[in-house]
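Dropping upload_23.cif in here (mmCIF, C-alpha atoms and all ligand atoms):
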data_model
loop_
_atom_site.label_atom_id
_atom_site.label_comp_id
_atom_site.auth_asym_id
_atom_site.auth_seq_id
_atom_site.Cartn_x
_atom_site.Cartn_y
_atom_site.Cartn_z
CA MET A 807 0.00 0.00 0.00
CA SER A 808 1.08 3.59 -0.62
CA GLU A 809 3.10 5.18 2.20
CA ARG A 810 1.39 8.50 1.59
CA VAL A 811 -2.10 7.07 1.93
CA ARG A 812 -0.98 5.06 4.93
CA LEU A 813 -0.44 8.42 6.69
CA ILE A 814 -4.14 9.25 6.39
CA GLN A 815 -6.14 8.03 9.34
CA PRO A 816 -9.55 6.49 8.65
CA SER A 817 -12.21 9.01 9.58
CA ALA A 818 -13.05 8.96 13.30
CA THR A 819 -16.60 9.81 12.35
CA LEU A 820 -17.14 6.74 10.17
CA SER A 821 -17.86 4.44 13.09
CA ILE A 822 -20.44 6.91 14.44
CA SER A 823 -22.28 7.19 11.13
CA ALA A 824 -22.13 3.40 10.56
CA GLU A 825 -23.62 2.86 14.03
CA ALA A 826 -26.28 5.55 13.37
CA LYS A 827 -27.30 3.76 10.17
CA ARG A 828 -27.39 0.38 11.92
CA LEU A 829 -29.62 1.73 14.71
CA ALA A 830 -31.93 3.51 12.26
CA GLY A 831 -32.16 0.23 10.30
CA GLU A 832 -33.36 -1.44 13.50
CA GLY A 833 -36.15 1.14 13.68
CA LYS A 834 -34.61 3.22 16.51
CA PRO A 835 -35.59 6.94 16.53
CA VAL A 836 -32.19 8.18 15.35
CA ILE A 837 -31.66 11.94 14.90
CA ASN A 838 -28.63 12.56 12.75
CA MET A 839 -26.86 15.78 13.66
CA SER A 840 -23.53 14.64 12.28
CA VAL A 841 -24.15 15.49 8.63
CA GLY A 842 -22.70 18.51 6.85
CA GLU A 843 -25.45 18.95 4.31
CA PRO A 844 -28.61 21.04 4.09
CA ASP A 845 -31.76 18.96 4.63
CA PHE A 846 -33.62 21.02 1.99
CA ARG A 847 -34.27 19.72 -1.49
CA THR A 848 -32.50 21.40 -4.37
CA PRO A 849 -34.72 24.33 -5.56
CA GLU A 850 -37.10 23.34 -8.33
CA HIS A 851 -35.82 25.79 -10.99
CA ILE A 852 -32.32 24.31 -10.65
CA VAL A 853 -33.61 20.75 -11.00
CA ARG A 854 -35.55 21.82 -14.10
CA ALA A 855 -32.43 23.31 -15.67
CA ALA A 856 -30.62 19.96 -15.29
CA GLU A 857 -33.61 18.12 -16.76
CA LYS A 858 -33.69 20.49 -19.71
CA ALA A 859 -29.95 20.07 -20.29
CA LEU A 860 -30.41 16.29 -20.36
CA ARG A 861 -33.30 16.54 -22.83
CA ASP A 862 -31.33 19.00 -24.97
CA GLY A 863 -28.58 16.42 -25.31
CA LYS A 864 -26.01 18.07 -23.05
CA THR A 865 -24.62 14.65 -22.32
CA PHE A 866 -21.22 14.82 -23.99
CA TYR A 867 -17.77 15.67 -22.67
CA THR A 868 -17.41 19.37 -21.85
CA PRO A 869 -14.26 21.50 -21.79
CA ALA A 870 -12.07 20.24 -18.92
CA LYS A 871 -12.28 23.51 -16.99
CA GLY A 872 -16.07 23.72 -17.30
CA ILE A 873 -18.63 25.07 -19.78
CA PRO A 874 -18.07 28.73 -20.77
CA GLU A 875 -21.61 29.68 -19.64
CA LEU A 876 -20.86 28.58 -16.08
CA ILE A 877 -17.42 30.15 -16.02
CA ASP A 878 -19.07 33.37 -17.23
CA ALA A 879 -21.68 33.20 -14.47
CA ILE A 880 -19.01 32.63 -11.81
CA ALA A 881 -16.89 35.50 -13.18
CA ARG A 882 -19.93 37.79 -13.11
CA VAL A 883 -20.74 36.91 -9.47
CA TYR A 884 -17.18 37.70 -8.42
CA ARG A 885 -16.89 40.82 -10.59
CA GLU A 886 -20.03 42.13 -8.90
CA LYS A 887 -18.18 41.70 -5.61
CA GLY A 888 -15.35 43.81 -7.00
CA PHE A 889 -12.85 41.12 -8.05
CA GLU A 890 -11.17 41.54 -11.43
CA VAL A 891 -11.39 37.94 -12.63
CA GLY A 892 -11.57 36.45 -16.12
CA HIS A 893 -12.04 32.96 -17.59
CA GLU A 894 -8.33 32.27 -17.13
CA ASN A 895 -8.78 32.57 -13.35
CA ILE A 896 -11.59 30.02 -12.98
CA ILE A 897 -11.90 26.24 -12.96
CA VAL A 898 -15.16 24.36 -12.33
CA THR A 899 -14.70 21.13 -10.37
CA PRO A 900 -16.78 18.15 -9.21
CA GLY A 901 -17.39 19.62 -5.73
CA ALA A 902 -15.43 22.18 -3.74
CA LYS A 903 -13.56 19.34 -2.08
CA TYR A 904 -11.94 18.37 -5.36
CA ALA A 905 -11.03 22.02 -5.99
CA ILE A 906 -9.20 22.01 -2.64
CA PHE A 907 -7.45 18.77 -3.52
CA GLU A 908 -6.38 20.04 -6.95
CA ALA A 909 -5.24 23.40 -5.55
CA MET A 910 -3.02 21.76 -2.95
CA PHE A 911 -1.72 19.18 -5.40
CA ALA A 912 -0.91 21.94 -7.88
CA THR A 913 0.98 24.18 -5.48
CA LEU A 914 2.64 22.10 -2.73
CA ASN A 915 5.97 20.35 -2.82
CA GLU A 916 7.28 17.63 -0.51
CA GLY A 917 7.70 19.02 3.00
CA ASP A 918 5.93 22.37 2.40
CA GLU A 919 4.11 23.54 5.50
CA VAL A 920 0.44 24.48 5.45
CA ILE A 921 -1.14 26.42 8.30
CA LEU A 922 -4.51 25.17 9.48
CA LEU A 923 -6.44 26.85 12.26
CA ASP A 924 -7.41 24.45 15.03
CA PRO A 925 -10.24 23.37 14.73
CA SER A 926 -10.72 23.11 10.95
CA TRP A 927 -12.84 21.12 8.50
CA VAL A 928 -11.85 17.43 8.47
CA SER A 929 -10.60 17.08 4.89
CA TYR A 930 -7.92 19.80 4.77
CA GLU A 931 -5.33 17.73 6.60
CA PRO A 932 -5.68 14.63 4.36
CA CYS A 933 -5.49 16.88 1.25
CA VAL A 934 -2.24 18.42 2.55
CA ILE A 935 -0.80 14.96 3.26
CA PHE A 936 -1.84 13.56 -0.15
CA SER A 937 0.01 16.51 -1.68
CA GLY A 938 3.23 15.77 0.24
CA GLY A 939 2.81 18.77 2.55
CA LYS A 940 2.90 19.00 6.32
CA VAL A 941 0.19 20.52 8.51
CA VAL A 942 1.07 23.10 11.13
CA TRP A 943 -1.85 23.53 13.52
CA VAL A 944 -2.38 27.01 14.95
CA PRO A 945 -4.69 27.37 17.96
CA HIS A 946 -7.36 30.07 17.94
CA SER A 947 -7.16 32.87 20.46
CA GLU A 948 -9.97 33.19 22.98
CA GLY A 949 -13.29 33.93 21.26
CA PHE A 950 -12.17 32.12 18.09
CA GLU A 951 -11.93 35.30 15.98
CA ASP A 952 -8.16 35.57 15.90
CA ALA A 953 -5.16 33.22 15.94
CA PRO A 954 -1.42 33.81 16.48
CA VAL A 955 -0.53 32.67 12.94
CA GLU A 956 2.62 34.82 12.95
CA GLU A 957 4.19 32.60 15.64
CA TYR A 958 3.93 29.46 13.50
CA ILE A 959 5.36 30.58 10.16
CA THR A 960 8.73 29.03 9.35
CA ASN A 961 10.75 29.30 6.14
CA LYS A 962 9.05 26.08 4.96
CA CYS A 963 5.57 27.62 5.13
CA ARG A 964 3.85 27.80 1.75
CA MET A 965 0.13 28.19 2.42
CA ILE A 966 -2.40 29.40 4.99
CA VAL A 967 -5.96 28.03 4.86
CA ILE A 968 -8.80 30.31 5.94
CA ASN A 969 -12.39 29.07 6.05
CA SER A 970 -14.92 31.80 6.77
CA PRO A 971 -17.67 31.20 7.87
CA SER A 972 -15.96 28.22 9.37
CA ASN A 973 -16.84 24.59 9.75
CA PRO A 974 -17.05 23.57 12.63
CA LEU A 975 -17.04 26.92 14.52
CA GLY A 976 -19.41 29.08 12.47
CA VAL A 977 -16.97 31.96 12.96
CA VAL A 978 -17.08 34.77 10.41
CA TYR A 979 -13.54 36.13 10.66
CA PRO A 980 -13.35 39.90 11.23
CA LYS A 981 -11.42 42.21 8.91
CA SER A 982 -8.74 42.75 11.56
CA PHE A 983 -7.75 39.05 11.48
CA LEU A 984 -7.92 38.84 7.68
CA LYS A 985 -5.76 41.95 7.38
CA LYS A 986 -3.17 40.38 9.69
CA VAL A 987 -3.12 37.20 7.57
CA ARG A 988 -2.86 39.37 4.43
CA ASP A 989 0.17 41.21 5.80
CA LEU A 990 1.87 37.92 6.72
CA ALA A 991 1.10 36.36 3.33
CA VAL A 992 2.48 39.34 1.42
CA ASP A 993 5.50 39.70 3.69
CA LYS A 994 6.43 35.99 3.57
CA ASP A 995 5.26 35.36 0.00
CA LEU A 996 2.60 32.78 0.89
CA ILE A 997 -0.51 31.48 -0.85
CA VAL A 998 -3.80 31.82 1.01
CA MET A 999 -6.52 29.30 0.33
CA SER A 1000 -9.82 30.95 1.19
CA ASP A 1001 -12.59 28.39 1.47
CA GLU A 1002 -15.75 30.47 1.09
CA ILE A 1003 -18.28 27.68 0.68
CA TYR A 1004 -20.51 29.12 3.46
CA ASP A 1005 -20.18 32.77 2.32
CA ARG A 1006 -23.95 33.18 1.77
CA ILE A 1007 -24.94 31.47 5.04
CA VAL A 1008 -24.26 34.35 7.42
CA PHE A 1009 -26.59 35.47 10.23
CA GLU A 1010 -24.62 38.24 11.88
CA GLY A 1011 -21.83 40.53 10.78
CA LYS A 1012 -20.59 40.79 7.23
CA PHE A 1013 -18.60 38.21 5.34
CA HIS A 1014 -15.28 39.45 3.99
CA SER A 1015 -13.03 37.52 1.65
CA ILE A 1016 -9.31 37.80 2.28
CA ALA A 1017 -8.94 38.28 -1.48
CA GLU A 1018 -10.49 41.76 -1.03
CA PHE A 1019 -7.31 43.01 0.59
CA ASP A 1020 -4.60 44.81 -1.29
CA GLY A 1021 -2.37 42.47 -3.31
CA MET A 1022 -4.29 39.34 -2.29
CA LEU A 1023 -6.04 38.37 -5.52
CA GLU A 1024 -2.59 37.50 -6.92
CA ARG A 1025 -1.89 35.04 -4.11
CA SER A 1026 -5.33 33.69 -3.16
CA ILE A 1027 -7.08 30.53 -4.18
CA ILE A 1028 -10.78 31.10 -3.54
CA ILE A 1029 -12.81 27.93 -3.13
CA ASN A 1030 -16.57 27.93 -3.48
CA GLY A 1031 -19.38 25.65 -4.57
CA PHE A 1032 -23.06 24.87 -4.83
CA SER A 1033 -23.49 22.18 -2.14
CA LYS A 1034 -24.35 24.42 0.80
CA THR A 1035 -25.82 27.60 -0.74
CA TYR A 1036 -28.15 25.80 -3.15
CA ALA A 1037 -28.62 22.50 -1.28
CA MET A 1038 -26.80 20.59 -4.04
CA THR A 1039 -24.45 18.27 -2.11
CA GLY A 1040 -25.07 15.20 -4.25
CA TRP A 1041 -24.66 17.02 -7.56
CA ARG A 1042 -20.92 17.52 -6.97
CA LEU A 1043 -20.24 20.99 -8.27
CA GLY A 1044 -17.70 23.52 -7.04
CA TYR A 1045 -15.06 25.87 -8.36
CA ALA A 1046 -11.82 27.67 -7.68
CA ILE A 1047 -10.70 31.19 -8.55
CA ALA A 1048 -6.95 31.71 -8.60
CA PRO A 1049 -4.06 33.25 -10.53
CA GLU A 1050 -3.85 31.91 -14.10
CA GLU A 1051 -0.71 29.84 -13.47
CA ILE A 1052 -2.35 27.95 -10.59
CA ILE A 1053 -5.51 27.33 -12.63
CA LYS A 1054 -3.35 25.91 -15.46
CA TYR A 1055 -1.76 23.42 -13.06
CA MET A 1056 -5.11 22.49 -11.51
CA LEU A 1057 -6.44 21.90 -15.01
CA ARG A 1058 -3.64 19.42 -15.72
CA ILE A 1059 -4.75 17.40 -12.70
CA GLN A 1060 -8.44 17.68 -13.58
CA SER A 1061 -8.08 16.81 -17.26
CA HIS A 1062 -6.08 13.68 -16.47
CA SER A 1063 -8.24 12.52 -13.57
CA VAL A 1064 -11.98 13.29 -13.59
CA SER A 1065 -11.91 15.17 -16.96
CA HIS A 1066 -14.58 17.68 -15.89
CA PRO A 1067 -17.70 17.96 -13.70
CA THR A 1068 -20.82 16.19 -15.05
CA SER A 1069 -22.14 17.98 -18.14
CA PHE A 1070 -25.81 18.57 -17.25
CA VAL A 1071 -24.94 19.41 -13.63
CA GLN A 1072 -22.95 22.38 -14.93
CA TYR A 1073 -26.09 23.72 -16.65
CA ALA A 1074 -27.92 23.45 -13.32
CA GLY A 1075 -25.04 25.47 -11.84
CA VAL A 1076 -25.65 28.25 -14.39
CA GLU A 1077 -29.31 28.39 -13.33
CA ALA A 1078 -28.33 28.38 -9.64
CA LEU A 1079 -26.07 31.43 -10.07
CA THR A 1080 -28.18 33.39 -12.56
CA GLY A 1081 -31.73 32.41 -11.53
CA GLU A 1082 -34.00 33.43 -8.68
CA GLN A 1083 -32.04 33.82 -5.42
CA SER A 1084 -34.95 33.97 -2.94
CA CYS A 1085 -34.48 30.22 -2.31
CA VAL A 1086 -31.13 31.02 -0.67
CA ASP A 1087 -32.64 33.72 1.56
CA LYS A 1088 -35.37 31.31 2.67
CA MET A 1089 -32.88 28.59 3.60
CA VAL A 1090 -30.63 31.03 5.46
CA ALA A 1091 -33.62 32.43 7.40
CA GLU A 1092 -34.57 28.89 8.45
CA PHE A 1093 -30.97 28.09 9.50
CA LYS A 1094 -31.00 31.22 11.68
CA VAL A 1095 -34.20 30.18 13.46
CA ARG A 1096 -32.65 26.76 14.13
CA ARG A 1097 -29.39 28.29 15.33
CA ASP A 1098 -31.27 30.53 17.78
CA LEU A 1099 -33.27 27.55 19.00
CA MET A 1100 -30.11 25.55 19.60
CA MET A 1101 -28.24 28.38 21.30
CA LYS A 1102 -31.14 28.85 23.72
CA SER A 1103 -31.35 25.13 24.51
CA LEU A 1104 -27.59 24.81 25.03
CA LYS A 1105 -27.59 27.82 27.36
CA ASP A 1106 -30.47 26.25 29.33
CA ILE A 1107 -28.54 22.97 29.55
CA GLY A 1108 -25.45 24.90 30.67
CA LEU A 1109 -23.00 23.79 27.97
CA ASP A 1110 -20.34 26.10 26.50
CA PHE A 1111 -20.28 26.58 22.75
CA ALA A 1112 -18.70 28.77 20.10
CA PRO A 1113 -21.54 31.18 19.15
CA PRO A 1114 -21.91 30.72 15.38
CA ARG A 1115 -22.46 33.70 13.08
CA GLY A 1116 -22.62 31.59 9.94
CA ALA A 1117 -22.65 28.06 8.40
CA PHE A 1118 -24.89 25.51 10.17
CA TYR A 1119 -22.90 23.92 12.99
CA MET A 1120 -22.64 24.28 16.75
CA PHE A 1121 -19.31 23.40 18.31
CA VAL A 1122 -20.04 22.46 21.90
CA ASN A 1123 -17.78 21.68 24.86
CA VAL A 1124 -19.15 18.59 26.61
CA GLY A 1125 -16.26 18.37 29.06
CA ARG A 1126 -15.33 14.75 28.41
CA ASP A 1127 -13.74 12.58 25.74
CA SER A 1128 -15.65 13.43 22.56
CA MET A 1129 -15.41 10.02 20.89
CA GLU A 1130 -16.67 8.27 24.01
CA PHE A 1131 -19.40 10.94 24.46
CA CYS A 1132 -20.60 10.59 20.85
CA SER A 1133 -20.70 6.76 21.03
CA SER A 1134 -22.70 6.67 24.28
CA PHE A 1135 -24.98 9.56 23.22
CA LEU A 1136 -25.82 7.61 20.08
CA ARG A 1137 -26.19 4.25 21.81
CA GLU A 1138 -28.31 5.57 24.68
CA LYS A 1139 -30.18 8.54 23.18
CA TYR A 1140 -30.01 7.83 19.45
CA VAL A 1141 -28.52 11.23 18.53
CA ALA A 1142 -25.54 11.20 16.14
CA ALA A 1143 -22.94 13.96 16.65
CA THR A 1144 -19.38 14.38 15.36
CA PRO A 1145 -16.50 14.14 17.86
CA GLY A 1146 -14.38 17.31 18.09
CA SER A 1147 -11.22 15.21 17.85
CA ALA A 1148 -11.94 14.88 14.11
CA PHE A 1149 -11.36 18.62 13.57
CA GLY A 1150 -7.90 19.17 14.97
CA LYS A 1151 -5.64 18.72 17.93
CA SER A 1152 -7.13 20.55 20.90
CA PHE A 1153 -10.82 19.81 20.91
CA ASN A 1154 -11.06 16.33 22.36
CA THR A 1155 -13.86 17.36 24.72
CA TRP A 1156 -15.95 19.14 22.08
CA ILE A 1157 -18.59 17.82 19.69
CA ARG A 1158 -20.07 19.25 16.48
CA LEU A 1159 -23.85 19.29 16.09
CA SER A 1160 -25.21 20.18 12.67
CA TYR A 1161 -28.49 22.07 12.65
CA ALA A 1162 -29.22 21.14 9.06
CA THR A 1163 -32.21 19.20 10.36
CA SER A 1164 -35.80 20.14 11.20
CA ARG A 1165 -36.81 22.28 14.19
CA GLU A 1166 -38.73 19.27 15.57
CA ASN A 1167 -35.60 17.13 15.39
CA ILE A 1168 -33.54 19.88 17.03
CA SER A 1169 -36.01 20.29 19.92
CA GLU A 1170 -36.14 16.54 20.48
CA ALA A 1171 -32.33 16.19 20.24
CA MET A 1172 -31.84 19.02 22.76
CA LYS A 1173 -34.28 17.31 25.13
CA ARG A 1174 -32.29 14.09 24.84
CA LEU A 1175 -29.00 15.97 25.29
CA ALA A 1176 -30.30 17.58 28.50
CA GLU A 1177 -31.28 14.15 29.84
CA PHE A 1178 -27.97 12.64 28.74
CA VAL A 1179 -25.70 15.23 30.36
CA SER A 1180 -27.65 15.27 33.58
C1 LIG B 1 -15.52 23.92 4.84
C2 LIG B 1 -15.92 23.01 3.73
N1 LIG B 1 -15.27 23.09 2.56
C3 LIG B 1 -15.57 22.29 1.53
C4 LIG B 1 -16.58 21.35 1.64
C5 LIG B 1 -16.85 20.45 0.46
O1 LIG B 1 -17.98 20.78 -0.25
P1 LIG B 1 -18.39 20.03 -1.61
O2 LIG B 1 -19.64 19.27 -1.30
O3 LIG B 1 -18.62 21.13 -2.60
O4 LIG B 1 -17.27 19.15 -2.01
C6 LIG B 1 -17.29 21.22 2.84
C7 LIG B 1 -18.33 20.18 2.98
O5 LIG B 1 -18.65 19.73 4.04
C8 LIG B 1 -16.96 22.09 3.91
O6 LIG B 1 -17.61 22.02 5.08
#
Please render this file's structure as structure tokens.
Amino acid sequence: MSERVRLIQPSATLSISAEAKRLAGEGKPVINMSVGEPDFRTPEHIVRAAEKALRDGKTFYTPAKGIPELIDAIARVYREKGFEVGHENIIVTPGAKYAIFEAMFATLNEGDEVILLDPSWVSYEPCVIFSGGKVVWVPHSEGFEDAPVEEYITNKCRMIVINSPSNPLGVVYPKSFLKKVRDLAVDKDLIVMSDEIYDRIVFEGKFHSIAEFDGMLERSIIINGFSKTYAMTGWRLGYAIAPEEIIKYMLRIQSHSVSHPTSFVQYAGVEALTGEQSCVDKMVAEFKVRRDLMMKSLKDIGLDFAPPRGAFYMFVNVGRDSMEFCSSFLREKYVAATPGSAFGKSFNTWIRLSYATSRENISEAMKRLAEFVS
């Protein structure tokens, strides 16, 4: 077996989800709060666009970097935000996750260090390792809105990953932190990967991309996608915006691996970006109600959590080993949560609860949590 893949640990969350499925199969009243996907169906107009593309015969290979109509739509969205981007700066990928993989593969060399904030989304570390890089974990400062990144940069550092709003914290990083990272990146000649997949799911404060800052568009790889904003997880559609040279290298990987994202799915992506946007506002409003409901319940129960301003997760300190907590919570109360140990180095007593599930499920899960912790 490959040494590089041997370095990747099997996901700590797999046993929890396998057990959740087994219990649900036995007819137990399982509430799954471990999933990172909206529970809404993909909006109807987007589904219709895919259907139409299929009927119109859009079933052949497409250009490797994506159909021009979708690249146009992405460019327009980002130009409206003030970014000077053209077709040469964009690649459409089968999911944002593959864009992250390609971007790291295209830019990292053996031994290059990549800064990840602790805690971070579970797949960054494996992507760094697959690419031959090495992760340097940086703890957050109190309140989770800052981190002493400057103390962890060595001469091997090549990339800093920022994910705002973040999974699992829901933090929307303030301009002061982004500006600090910008200054470090420019000063030390680093790439910043800015994973903006939750940029539209913000309840408080304003989302800022690090690429907005002076000199950053030339050294940023912006990652975004359709899974979260448009409830399109299973469609597998994402994209990256980056300097032309990086896109060229990503394209080499894409054209020799997956070729391109599924043809008719790309047409659905055009409709998602250019069609009616009220579906997004509705989903975000519902996520906010659920977040408020959860924050109130957790306060009543007396558990500490990182107050989320975006995305759809609650990161909660349960004060004991997270893997053991999640297994017993599932076995005894039939609620599936993700252990904090999956997200980094310092959160072994925290769990992640996704509120991408109905209000009824949330109320019932919070009732069971209260019983469980007492
Ligand atoms: C922070 C973050 N980035 C990227 C992804 C991947 O999204 P996609 O479904 O587009 O691959 C996820 C999905 O959970 C995520 O939480």
Report as CSV the residues of chain A within 8 Å of ligand LIG 1 (chain B), each with its shortest atom pair and distance in Å (one decimal), using only C-alpha atoms and all ligand atoms, ordered by chain and increasing residue number.
residue,atom,partner,partner_atom,distance
A:Gly842,CA,B:LIG1,O5,5.1
A:Glu843,CA,B:LIG1,O5,6.8
A:Pro900,CA,B:LIG1,O4,7.3
A:Gly901,CA,B:LIG1,O3,3.7
A:Ala902,CA,B:LIG1,O3,3.5
A:Lys903,CA,B:LIG1,O4,3.7
A:Tyr904,CA,B:LIG1,O4,6.3
A:Ala905,CA,B:LIG1,O4,7.9
A:Ile906,CA,B:LIG1,C3,7.6
A:Ser926,CA,B:LIG1,C1,7.8
A:Trp927,CA,B:LIG1,C1,5.3
A:Ser929,CA,B:LIG1,C3,7.9
A:Asn969,CA,B:LIG1,C1,6.1
A:Ser972,CA,B:LIG1,C1,6.3
A:Asn973,CA,B:LIG1,C1,5.1
A:Pro974,CA,B:LIG1,O6,7.7
A:Asp1001,CA,B:LIG1,N1,6.0
A:Glu1002,CA,B:LIG1,N1,7.5
A:Ile1003,CA,B:LIG1,N1,5.8
A:Tyr1004,CA,B:LIG1,C1,7.3
A:Ile1029,CA,B:LIG1,C3,7.8
A:Asn1030,CA,B:LIG1,O3,7.2
A:Gly1031,CA,B:LIG1,O3,5.0
A:Phe1032,CA,B:LIG1,O3,6.2
A:Ser1033,CA,B:LIG1,O2,4.9
A:Lys1034,CA,B:LIG1,O2,7.3
A:Met1038,CA,B:LIG1,O2,7.8
A:Thr1039,CA,B:LIG1,O2,5.0
A:Gly1040,CA,B:LIG1,O2,7.4
A:Arg1042,CA,B:LIG1,O2,6.1
A:Leu1043,CA,B:LIG1,O3,5.9
A:Gly1044,CA,B:LIG1,O3,5.1
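Distances to Phe936 of chain A were evaluated for A:Val898, A:Ala909, A:Ile822, A:Val891 using only C-alpha atoms, and the minimum falls at A:Ala909.
Comparing A:Ile1157, A:Val920, A:Ile1059, A:Ala859 by their smallest distance to Ile959 of chain A, the closest is A:Val920 (using all atoms listed in the file).
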Practice prompt. Excluding Met1056 of chain A and any residue of its chain fewer than 3 positions from it, enumerate the residues within 10 Å of it, using all atoms listed in the file, and give them as a list of chain:residue names.
Written response: A:Lys871, A:Ile897, A:Thr899, A:Ala905, A:Ile906, A:Phe907, A:Glu908, A:Ala909, A:Met910, A:Phe911, A:Ala912, A:Thr913, A:Ala1046, A:Ala1048, A:Glu1050, A:Glu1051, A:Ile1052, A:Ile1053, A:Ile1059, A:Gln1060, A:Ser1061
Mind writing the picked residues with C-alpha atoms as a PDB file, in the frame of the given file?
ATOM      1  CA  LYS A 871     -12.280  23.510 -16.990  1.00  0.00           C
ATOM      2  CA  ILE A 897     -11.900  26.240 -12.960  1.00  0.00           C
ATOM      3  CA  THR A 899     -14.700  21.130 -10.370  1.00  0.00           C
ATOM      4  CA  ALA A 905     -11.030  22.020  -5.990  1.00  0.00           C
ATOM      5  CA  ILE A 906      -9.200  22.010  -2.640  1.00  0.00           C
ATOM      6  CA  PHE A 907      -7.450  18.770  -3.520  1.00  0.00           C
ATOM      7  CA  GLU A 908      -6.380  20.040  -6.950  1.00  0.00           C
ATOM      8  CA  ALA A 909      -5.240  23.400  -5.550  1.00  0.00           C
ATOM      9  CA  MET A 910      -3.020  21.760  -2.950  1.00  0.00           C
ATOM     10  CA  PHE A 911      -1.720  19.180  -5.400  1.00  0.00           C
ATOM     11  CA  ALA A 912      -0.910  21.940  -7.880  1.00  0.00           C
ATOM     12  CA  THR A 913       0.980  24.180  -5.480  1.00  0.00           C
ATOM     13  CA  ALA A1046     -11.820  27.670  -7.680  1.00  0.00           C
ATOM     14  CA  ALA A1048      -6.950  31.710  -8.600  1.00  0.00           C
ATOM     15  CA  GLU A1050      -3.850  31.910 -14.100  1.00  0.00           C
ATOM     16  CA  GLU A1051      -0.710  29.840 -13.470  1.00  0.00           C
ATOM     17  CA  ILE A1052      -2.350  27.950 -10.590  1.00  0.00           C
ATOM     18  CA  ILE A1053      -5.510  27.330 -12.630  1.00  0.00           C
ATOM     19  CA  ILE A1059      -4.750  17.400 -12.700  1.00  0.00           C
ATOM     20  CA  GLN A1060      -8.440  17.680 -13.580  1.00  0.00           C
ATOM     21  CA  SER A1061      -8.080  16.810 -17.260  1.00  0.00           C
TER      22      SER A1061
END
Worksheet item: Counting all atoms listed in the file, what is within 9 Å of Ala1171 of chain A, bar same-chain residues fewer than 2 positions away, as an MDAnalysis selection string?
Response: chainID A and resid 837 839 1139:1141 1166:1169 1173:1176
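Proximity of A:Met965, A:Ala1017, A:Leu1057, A:Ile1007 to Ala1037 of chain A, computed with all atoms listed in the file, is greatest for A:Ile1007.
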Discussion item. For a quick check of understanding, using all atoms listed in the file, which of A:Ile997, A:Arg1115, A:Tyr979, A:His1066 has the smallest distance to Leu914 of chain A?
Written reply: A:Ile997
Worksheet item: Of the residues A:Val1071, A:Met807, A:Leu990, A:Ile935, which is the one nearest to Thr960 of chain A, using all atoms listed in the file?
Response: A:Leu990
Fill in: Contacts of Ile814 of chain A within 8 Å, only C-alpha atoms, excl. fewer than 3 positions in-chain, as a count of residues only
4
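Note that atom CA of Glu875 of chain A and atom CA of Tyr1073 of chain A are 8.0 Å apart.
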Worksheet item: Quick one, how far is atom CA of Gly892 of chain A from atom CA of Ala856 of chain A?
Response: 25.2 Å
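The point (-22.9, 16.9, -19.6) has these residues within 6 Å of it, counting all atoms listed in the file: Lys864, Thr865, Phe866, Thr1068, Ser1069 and Phe1070 of chain A.
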Fill in: Sel. within 12 Å of pt (-25.2, 3.9, 20.4), counting all atoms listed in the file, output as a PyMOL selection string
chain A and resi 821-830+832+834-837+1129-1143
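Among the candidates A:Gly1075, A:Val1122, A:Val1090, A:Pro816, the residue lying nearest to Val928 of chain A is A:Pro816 (atoms considered: all atoms listed in the file).
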Worksheet entry | Shell of 8 Å around Phe950 of chain A, only C-alpha atoms, local chain residues under 6 positions omitted, as a ChimeraX atom specification | /A:975,977,1112
Discussion item. What's the separation between atom CA of Val998 of chain A and atom CA of Ser1147 of chain A, in Å to one decimal place?
Written reply: 24.8 Å
Discussion item. Just want the 12 Å neighbourhood of Ala879 of chain A, counted on all atoms listed in the file, with same-chain residues fewer than 5 positions away dropped. Output as a PyMOL selection string.
Written reply: chain A and resi 872-874+884-886+891-893+896+898+1045+1072-1081
What would segment 1126-1131 of chain A look like with N, CA, C and O atoms in place, written as an mmCIF file, keeping the file's coordinate frame?
data_model
loop_
_atom_site.group_PDB
_atom_site.id
_atom_site.type_symbol
_atom_site.label_atom_id
_atom_site.label_comp_id
_atom_site.auth_asym_id
_atom_site.auth_seq_id
_atom_site.Cartn_x
_atom_site.Cartn_y
_atom_site.Cartn_z
ATOM 1 N N ARG A 1126 -15.918 16.087 28.296
ATOM 2 C CA ARG A 1126 -15.330 14.750 28.410
ATOM 3 C C ARG A 1126 -14.972 14.205 27.036
ATOM 4 O O ARG A 1126 -15.349 14.825 26.028
ATOM 5 N N ASP A 1127 -14.258 13.107 27.005
ATOM 6 C CA ASP A 1127 -13.740 12.580 25.740
ATOM 7 C C ASP A 1127 -14.838 12.536 24.662
ATOM 8 O O ASP A 1127 -15.875 11.889 24.845
ATOM 9 N N SER A 1128 -14.577 13.217 23.544
ATOM 10 C CA SER A 1128 -15.650 13.430 22.560
ATOM 11 C C SER A 1128 -16.056 12.150 21.848
ATOM 12 O O SER A 1128 -17.235 11.940 21.541
ATOM 13 N N MET A 1129 -15.081 11.261 21.602
ATOM 14 C CA MET A 1129 -15.410 10.020 20.890
ATOM 15 C C MET A 1129 -16.303 9.147 21.779
ATOM 16 O O MET A 1129 -17.322 8.609 21.337
ATOM 17 N N GLU A 1130 -15.901 9.081 23.054
ATOM 18 C CA GLU A 1130 -16.670 8.270 24.010
ATOM 19 C C GLU A 1130 -18.062 8.887 24.202
ATOM 20 O O GLU A 1130 -19.083 8.193 24.209
ATOM 21 N N PHE A 1131 -18.111 10.241 24.292
ATOM 22 C CA PHE A 1131 -19.400 10.940 24.460
ATOM 23 C C PHE A 1131 -20.310 10.628 23.274
ATOM 24 O O PHE A 1131 -21.472 10.260 23.447
#
